[in-house]
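Participant: Dropping in data-v6.txt, which is compact mmCIF, C-alpha atoms:
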# COMPACT_ATOMS: atom_id res chain seq x y z
CA MET I 1 115.09 157.03 143.50
CA GLY I 2 113.65 159.58 141.09
CA LYS I 3 113.29 163.29 141.01
CA SER I 4 110.88 165.05 143.34
CA PHE I 5 109.24 168.46 143.31
CA LEU I 6 107.20 170.57 145.67
CA CYS I 7 103.95 172.18 144.58
CA LEU I 8 104.46 175.73 143.36
CA ARG I 9 101.31 176.80 145.22
CA CYS I 10 101.19 174.94 148.54
CA ASP I 11 104.72 173.50 148.91
CA GLN I 12 103.45 169.93 149.35
CA SER I 13 105.21 167.02 147.61
CA LEU I 14 104.06 166.36 144.08
CA MET I 15 103.07 162.97 142.77
CA ALA I 16 104.53 161.83 139.45
CA GLU I 17 101.90 160.87 136.90
CA THR I 18 104.37 159.58 134.32
CA SER I 19 107.11 157.01 134.48
CA GLU I 20 110.72 157.98 135.22
CA GLU I 21 111.68 156.45 131.86
CA VAL I 22 109.87 159.26 130.05
CA GLU I 23 112.51 161.88 129.26
CA SER I 24 110.80 164.51 127.12
CA VAL I 25 107.82 165.68 129.18
CA ARG I 26 106.54 164.43 132.54
CA PHE I 27 103.37 165.25 134.42
CA TRP I 28 102.98 165.92 138.15
CA SER I 29 100.02 166.61 140.43
CA CYS I 30 99.41 167.84 143.95
CA LYS I 31 96.98 165.89 146.12
CA SER I 32 96.74 168.78 148.57
CA CYS I 33 95.59 171.65 146.31
CA SER I 34 94.86 169.78 143.02
CA SER I 35 97.40 171.80 141.01
CA ARG I 36 98.78 170.03 137.96
CA TYR I 37 102.17 170.56 136.35
CA THR I 38 104.30 169.66 133.38
CA GLU I 39 108.04 169.12 133.69
CA ASN I 40 109.63 170.13 130.41
CA GLY I 41 112.71 168.57 128.83
CA GLU I 42 114.98 170.97 130.76
CA GLY I 43 113.58 169.81 134.10
CA ARG I 44 111.50 172.94 134.82
CA LEU I 45 107.95 172.78 136.14
CA HIS I 46 105.12 174.89 134.80
CA ASP I 47 101.35 174.80 135.00
CA ARG I 48 99.84 171.97 132.99
CA TRP I 49 97.23 172.58 130.30
CA LEU I 50 93.83 173.54 131.75
CA MET I 51 95.27 175.21 134.84
CA PRO I 52 93.87 178.79 134.94
CA ILE I 53 97.00 180.65 133.75
CA THR I 54 97.40 178.29 130.79
CA LEU I 55 93.90 179.13 129.58
CA ALA I 56 94.53 182.87 129.86
CA LEU I 57 97.84 182.65 127.97
CA TYR I 58 96.42 180.42 125.24
CA GLY I 59 94.73 183.47 123.71
CA VAL I 60 98.08 185.17 123.02
CA ILE I 61 100.23 182.33 121.66
CA TYR I 62 100.59 183.89 118.20
CA GLU I 63 100.51 187.56 119.21
CA LYS I 64 103.50 189.83 118.69
CA GLU I 65 101.94 192.17 121.22
CA PRO I 66 99.83 190.19 123.72
CA ARG I 67 98.21 193.40 125.03
CA LYS I 68 96.27 193.66 121.77
CA ASN I 69 94.26 190.57 122.79
CA LEU I 70 93.55 191.77 126.32
CA GLU I 71 89.86 192.60 125.79
CA LYS I 72 89.12 189.28 124.07
CA VAL I 73 90.97 187.19 126.66
CA THR I 74 89.30 189.12 129.48
CA ALA I 75 85.88 188.39 127.99
CA ASP I 76 86.79 184.72 127.45
CA MET I 77 87.94 184.35 131.06
CA ARG I 78 84.83 186.09 132.44
CA ARG I 79 82.63 183.65 130.51
CA LYS I 80 84.17 180.83 132.57
CA GLY I 81 82.36 182.12 135.66
CA ALA I 82 83.06 183.92 138.91
CA LYS I 83 84.79 181.00 140.66
CA PHE I 84 87.20 180.51 137.78
CA VAL I 85 87.93 184.25 137.60
CA GLU I 86 88.62 184.34 141.34
CA LEU I 87 91.02 181.40 141.04
CA LEU I 88 92.73 182.94 138.00
CA ILE I 89 93.20 186.25 139.82
CA ASP I 90 94.71 184.37 142.77
CA HIS I 91 97.08 182.32 140.57
CA ILE I 92 98.22 185.37 138.60
CA SER I 93 98.71 187.46 141.75
CA ASN I 94 100.74 184.74 143.44
CA GLU I 95 102.89 184.17 140.37
CA LEU I 96 103.59 187.86 139.82
CA THR I 97 104.40 188.45 143.50
CA ASN I 98 106.53 185.34 143.89
CA PRO I 99 107.59 184.01 140.45
CA LYS I 100 108.05 180.24 140.48
CA GLN I 101 107.73 179.26 136.83
CA ARG I 102 108.46 180.60 133.37
CA MET I 103 105.32 181.74 131.64
CA SER I 104 107.09 181.26 128.31
CA ASP I 105 107.45 177.52 129.08
CA ILE I 106 103.69 177.01 129.19
CA HIS I 107 102.93 177.15 125.45
CA GLN I 108 105.02 177.25 122.30
CA PHE I 109 104.89 181.04 122.00
CA ILE I 110 105.80 182.37 118.58
CA HIS I 111 106.67 185.96 119.53
CA ALA I 112 105.99 186.85 123.16
CA ASP I 113 108.76 186.76 125.73
CA GLU I 114 108.64 186.31 129.50
CA GLN I 115 108.35 190.03 130.26
CA GLN I 116 105.52 190.57 127.76
CA LEU I 117 103.60 187.59 129.13
CA ARG I 118 103.95 188.74 132.74
CA GLN I 119 102.87 192.26 131.78
CA PHE I 120 99.89 190.81 129.95
CA LEU I 121 98.91 188.73 132.99
CA ALA I 122 99.18 191.78 135.26
CA LEU I 123 96.87 193.75 132.95
CA LEU I 124 94.45 190.84 132.72
CA ARG I 125 94.36 190.45 136.50
CA ASP I 126 93.67 194.17 136.95
CA LYS I 127 90.84 194.11 134.40
CA LEU I 128 89.30 191.05 136.03
CA ILE I 129 89.57 192.60 139.51
CA ASN I 130 87.96 195.82 138.28
CA PHE I 131 85.18 193.82 136.64
CA SER I 132 84.57 191.82 139.82
CA VAL I 133 84.50 194.96 141.96
CA ASN I 134 82.13 196.77 139.61
CA ASP I 135 79.85 193.77 139.09
Have the structure of the file written as structure tokens, please.
Facilitator:
Amino acid sequence: MGKSFLCLRCDQSLMAETSEEVESVRFWSCKSCSSRYTENGEGRLHDRWLMPITLALYGVIYEKEPRKNLEKVTADMRRKGAKFVELLIDHISNELTNPKQRMSDIHQFIHADEQQLRQFLALLRDKLINFSVND
């Protein structure tokens, strides 16, 4: 029998989307909350491309100082609409309160480390919350 994981958001069992023979990267999904994950070569889960946090972090892949892109990423995320922003705020808040994955696993970051990425996400969340409140 193969490996199994629980959803990082709702603790339900994940369904494998790739064969056990695949060793480099495997994909998982949750039927309960629709979250999607990637299992990297080291066996760690992280949000799969197109999950909200992955879209926010995409804007800082090449940045030495992710904070410098905060305004642009904030604007990009707001353009995705209120429902997306609400979901992104929820995902960031949950991850920062109860870390379950490495942000640095999500993309092939050139410069940023885990601490910088988490600080960036905290700043982004706060800007999005302030925008939502003042809207």
Participant: Give me the residues within 10 Å of Gln108 of chain I as number ranges by chain, counting all atoms listed in the file and dropping any in the same chain fewer than 6 places off.
Facilitator: I: 58, 61-62
Participant: Which residues come within 10 Å of Ala16 of chain I, counting all atoms listed in the file, excluding same-chain residues fewer than 2 positions away, as number ranges by chain?
Facilitator: I: 2-5, 13-14, 18-20, 26-30, 37-39
Participant: Mind writing the picked residues with C-alpha atoms as an mmCIF file, in the coordinates of the input?
Facilitator:
data_model
loop_
_atom_site.group_PDB
_atom_site.id
_atom_site.type_symbol
_atom_site.label_atom_id
_atom_site.label_comp_id
_atom_site.auth_asym_id
_atom_site.auth_seq_id
_atom_site.Cartn_x
_atom_site.Cartn_y
_atom_site.Cartn_z
ATOM 1 C CA GLY I 2 113.650 159.580 141.090
ATOM 2 C CA LYS I 3 113.290 163.290 141.010
ATOM 3 C CA SER I 4 110.880 165.050 143.340
ATOM 4 C CA PHE I 5 109.240 168.460 143.310
ATOM 5 C CA SER I 13 105.210 167.020 147.610
ATOM 6 C CA LEU I 14 104.060 166.360 144.080
ATOM 7 C CA THR I 18 104.370 159.580 134.320
ATOM 8 C CA SER I 19 107.110 157.010 134.480
ATOM 9 C CA GLU I 20 110.720 157.980 135.220
ATOM 10 C CA ARG I 26 106.540 164.430 132.540
ATOM 11 C CA PHE I 27 103.370 165.250 134.420
ATOM 12 C CA TRP I 28 102.980 165.920 138.150
ATOM 13 C CA SER I 29 100.020 166.610 140.430
ATOM 14 C CA CYS I 30 99.410 167.840 143.950
ATOM 15 C CA TYR I 37 102.170 170.560 136.350
ATOM 16 C CA THR I 38 104.300 169.660 133.380
ATOM 17 C CA GLU I 39 108.040 169.120 133.690
#
Participant: Counting only C-alpha atoms, what is within 10 Å of Ile110 of chain I, bar same-chain residues fewer than 3 positions away, as a PDB file with C-alpha atoms, in the coordinates of the input?
Facilitator:
ATOM      1  CA  VAL I  60      98.080 185.170 123.020  1.00  0.00           C
ATOM      2  CA  ILE I  61     100.230 182.330 121.660  1.00  0.00           C
ATOM      3  CA  TYR I  62     100.590 183.890 118.200  1.00  0.00           C
ATOM      4  CA  GLU I  63     100.510 187.560 119.210  1.00  0.00           C
ATOM      5  CA  LYS I  64     103.500 189.830 118.690  1.00  0.00           C
ATOM      6  CA  SER I 104     107.090 181.260 128.310  1.00  0.00           C
ATOM      7  CA  HIS I 107     102.930 177.150 125.450  1.00  0.00           C
ATOM      8  CA  ASP I 113     108.760 186.760 125.730  1.00  0.00           C
TER       9      ASP I 113
END
Participant: Considering all atoms listed in the file, state which residue in the set I:Leu128, I:Ile92, I:Leu8, I:Met15 is at the smallest distance from Thr54 of chain I.
Facilitator: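 Using all atoms listed in the file, the shortest distance to Thr54 of chain I belongs to I:Ile92.
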Participant: So that I can check the surroundings of Ile53 of chain I, please list as number ranges by chain every protein, DNA and RNA residue that reaches within 9 Å of it, counting all atoms listed in the file and ignoring chain neighbours fewer than 4 positions away.
Facilitator: I: 47, 49, 57-58, 88, 91-92, 103, 106, 121
Participant: Please compute the atom CA of Thr74 of chain I-atom CA of Ile89 of chain I distance, one decimal, in Å.
Facilitator: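 Taking atom CA of Thr74 of chain I and atom CA of Ile89 of chain I, their separation equals 11.4 Å.
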Participant: Rounded to one decimal, what separation in Å do you get between atom CA of His46 of chain I and atom CA of Glu114 of chain I?
Facilitator: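 Going from atom CA of His46 of chain I over to atom CA of Glu114 of chain I, I get 13.1 Å.
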Participant: Interatomic distance between atom CA of Ala112 of chain I and atom CA of Glu65 of chain I?
Facilitator: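 Atom CA of Ala112 of chain I sits 7.0 Å away from atom CA of Glu65 of chain I.
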Participant: Using only C-alpha atoms, pick whichever of I:Asp11, I:Glu21, I:Glu42, I:Asp76 has the shortest atom-to-atom distance to Leu55 of chain I.
Facilitator: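 When distances to Leu55 of chain I are compared using only C-alpha atoms, the smallest one comes from I:Asp76.
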Participant: Nearest residue to Phe109 of chain I out of I:Gly43, I:Gly59, I:Asp126, I:Arg9, using all atoms listed in the file?
Facilitator: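 Answer, going by the shortest atom-to-atom distance: I:Gly59.
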Participant: Take every atom of segment 92-102 of chain I listed in the file, pad by 4 Å on each side, and give me the axis-aligned box centre and edge lengths in Å, one decimal, as JSON.
Facilitator:
{"center_x": 103.3, "center_y": 183.9, "center_z": 138.6, "size_x": 18.2, "size_y": 17.2, "size_z": 18.5}
Participant: Between I:Ser24, I:Glu17, I:Arg36, I:Val73, which residue has the minimum interatomic distance to Val85 of chain I, considering all atoms listed in the file?
Facilitator: I:Val73
Participant: Let me make sure I understand: among I:Leu45, I:Met51, I:Leu6, I:Ala122, which one has the smallest atom-to-atom distance to Glu95 of chain I if we use only C-alpha atoms?
Facilitator: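 Smallest distance to Glu95 of chain I is found for I:Ala122.
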Participant: Using all atoms listed in the file, which residue out of I:Pro66, I:Met77, I:Ala82, I:Gln101 lies closest to Gln119 of chain I?
Facilitator: I:Pro66
